[in-house]
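Only one structure is covered here, and it is reproduced in the block below.
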Amino acid sequence: MLTALATLLSHYRRHPGQLAMLLLGLWVASALWSSVQAINASARDSYARAEALFSTGLDRLERRDGEPLTRDDFLRLRRAGLPVSPLLEGELETPDGTRLTVIGIDPLTLPGDSPFAGGTGDFLTPPWQTRLAPDTLPALAVTARDAPGAEPRLPDGRRLPPLTLAPSLPPDTLVMDIAAAAALLDSGAMLTRLVSAADALAEAPEGLVLTRATTLVAPGQLTESFHLNLTAMALLALVVGLFIVQAALGLALEQRLGMLRTLRALGVPGRRLVGLLLLELVLLGLAGALAGIVSGVWLARALLPDVAATLDSLYGAGVTAELQLPWHYWLGGLAVTLGGLLLAGSGVLWRAARLGVLGLGQAQAWRTGFHRQLRLMAAAGTACALLGLALWAWLARQPPGEGLLAGFGLMAMLLLACALWLPPLLALGLAGLARLARRRPLVQWALADLQLQLPRLALAMMALLIALSANLGVSSMVGGFRLTFLDWLDQRLVADLYLRPPAERYDEIHDWLADRPEVDELLATRRTDATLLDAGTDATRPLNLPVGLYGITPGERLVPSWPLLSTLAGREAAWQAFREGAAFINEQLAIATGLAPGDRLTLDARGRRETVSLAAIYPDYGNPRGEVLLATPRLAERFRAPPGSLGIVLHGDADEATLRTALGDRLGPDRESLLDQREVKRVSTEIFERTFTITRALNTLTLGVAALALFASLLAQARERRRQLAPLWALGVPRARLVVSQLVQVGGAALATGLLAVPLGIAVTAGLVAVINVAAFGWRLPLQLFPGEILLTLATAVAVALLATVLPALALWRTPPRALLAEEETP
């Protein structure tokens, strides 16, 4: 066994390039997959820690008038026998600039099974305790060894209570007794909110608003589609990387046919030989997988800050910038890589097991079997296409926004069907061109030679097709989203300045601005959480969905630019009904519930229940929640929603600088809440660009993996190619023409692959915007195609192929004539 295994492995000592190609394919496939899984695992750990805090499992109480709660409110409710507990939240800045969330709790009244409930003497009495996660320590310039009992100092000189590590807490969060938090935040008797166990209160006490825990969406639920998209792209990269492995395994096995024949002739049984090949795969897989996992962790560390910023911007989900990897992550990475390797090598093992002793010594047996393989690939591609059609028909019958996994399955079947059809189509095309070039011997030879290379190039071209089409689809989707998003921002951000004054000064600032000569109109907003109880033509279909209730002012500047997707009787009638009390809903809510203009909605918010008619549906890109829109005066009148922001529209000749200065003087410490339209657009655009950083990175890496697959395939067969070219040189064909012939051969095949990738990429774009995006995020994007992206796809295909051909072509150019003749003489 050991002798036979050593004999098999000796092949890689003579052909180190093939070993490098195998390990390279395993490395890149495992690295991309492992990096995304590391990011997902770290993010889910942060979600679990956040959900274990005091955010989603408890009912909330807040004042109906929007004023802050006080300690007297808490004492009054406790004396009335109501099981409520106070929470105080605030922010602190550490010496390195990190902003930490401070949460003050009362352990004696805190409901639920929180580990903080009940408390201890050190937590409840001076000098108290500060509990924090270990990954928060670097922001305080404290090490884990020195953390217990340390009292770090803040930039303003204040000291934190002694530190105690609590790994279950989310990052950048400090938890302490509410008395210590009040002293640290200098909040006096104010509270952030009161909480109670879910459903412990039958109704809200007088003057307060009760928000049920069932209406609070956990961050893990909101971000599930985001992580599923990342996983799909990582899986695509894994598949493309395994194409490299498949090509390398096939070439290595073909070149070892003589060795396999000898081993069989010496008495090594066929089953044992296949078992040794399998053991070889496992050994190579372990080496490549371990290297890939280590590289994946490094890549994840590089990408995680952008992912954390994206999740925070889109969903308000805090994710630590440090990786938190559970033990099963390492085993999962090994299992997926080894499983993919065994799948990629299964065809090679099957063919080796079925060929007889004589067949093992005939290299032509592999090539003749390729024609049968082409028929099988065409049949498999047809089966995948039929399965994709079945998934599409099933999705067409599902409610809008459902079937995310089925949508990914549809995309996978589409890509796989086209990839499987590619080699048969290339073979048919080459055969047809060969018939047309009968009178041009060199052209006919080049086409026949490319047909001979097709068994080895097929997998690389399939990987290139998948990568190009996915790259075109994702790039077109992101580009279309970017244009749509920027246009949408221009339509929504119509005010020149935006201000969020403190709730207690809202009316004062509003009245002061209304009297300023520079101000043309004020666009006041309000917002609160609500539950959509019933909906439909007669508002009797039960829903019980948590929604956002948002109020806007239908001013002269806002109404003409605000986009509407669907109305009952036109824009003018919709806006008139809106001013009179009708509602608009965003596209997310319309898709999720199937509502249409003309339906009626029953809303429950802040202790009030109202039924309103639905006048229109509007686009709301990037919002993960359903939202109901009312005119601000109607929202304040019906639901007593607290005041929000103010949009300030200026006269055309107004002196903006004078108004900003006067407003800043009046606001005092709150002047930072004033933003101009340009700043809002800049921040929004930065968030958008950072959101798709990891998407673009994975897209580029996947295309790079496909280029490596093609490069590795050409490089691995470069020596045998010189043997085939030597007779042509001997017949008088110059080496320059032979080099150009190689470039034209591979470049032409890549161009044909790119031409097939264009319609496939367009189909992928349509699937992403019409199926995946709707199911994942709840809103639909317009399909936009970019001719520049299509031309770039074709140019990329040819450039990748030419770059992959350069080294073998240079090797041929530099080979002296005597060496070419020696190549021909080599057995």
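Just remember, in the structure tokens the first chain shown is A, the second B, etc., residues are 1-based per chain, and ligands are 1-based in the order shown.
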Contact residues around A:Gly668 with only C-alpha atoms at 12 Å, ignoring same-chain residues under 4 positions, as an MDAnalysis selection string | chainID A and resid 501:502 505 509 660:664 672:674
**Message:** At a cut-off of 12 Å, using only C-alpha atoms, what residues contact A:Leu483? Leave out same-chain residues fewer than 2 positions from it and give the result as a PyMOL selection string.
**Reply:** chain A and resi 476-481+485-490+621+685+688-689+781-786
Among A:Arg608, A:Arg397, A:His15, A:Arg696, A:Asn471 is approached most closely, using only C-alpha atoms, by A:Arg696
d(atom CA of A:Ala795, atom CA of A:Cys384) in Å
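Going from atom CA of A:Ala795 over to atom CA of A:Cys384 covers 28.7 Å.
Shell of A:Pro542 at 12 Å, with only C-alpha atoms counted and residues fewer than 2 places along the chain excluded, is Thr531, Leu532, Leu533, Asp534, Ala535, Gly536, Asp538, Ala539, Thr540, Asn544, Leu545, Thr593, Arg600, Leu601, Thr602 and Leu603 of chain A.
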- Task: Please provide as a list in words all residues within 7 Å of stretch 93-97 of chain A, with the sequence filter that same-chain residues fewer than 5 positions apart are discarded (counting only C-alpha atoms).
- Result: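 Once the adjacent positions are removed, what remains is Ala139, Leu140, Leu154 and Pro155 of chain A.
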For C-alpha atoms, I'd like the residues from the last selection saved as a tab-separated table (two decimals), in the first residue's frame.
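Wrote it out as out.tsv, contents follow:
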chain	number	residue	atom	x	y	z
A	139	ALA	CA	-11.50	50.44	23.22
A	140	LEU	CA	-10.80	51.10	26.91
A	154	LEU	CA	-12.73	58.53	30.11
A	155	PRO	CA	-11.43	61.53	28.11
Of A:Glu572, A:Asp73, A:Glu556, A:Asp676, the one sitting nearest A:Leu646 when using only C-alpha atoms is A:Asp676
Of A:Ala583, A:Ile103, A:Leu751, A:Leu8, the one sitting nearest A:Leu468 when using only C-alpha atoms is A:Leu751
task: Run DSSP on the backbone of this structure and report the residues of stretch 532-634 of chain A it assigns to strand (DSSP E or B), as a count of residues only.
output: 45
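Compared by their closest atoms to A:Met259, and using only C-alpha atoms, the residues A:Ala6, A:Leu235, A:Val142, A:Leu88 rank with A:Ala6 nearest.
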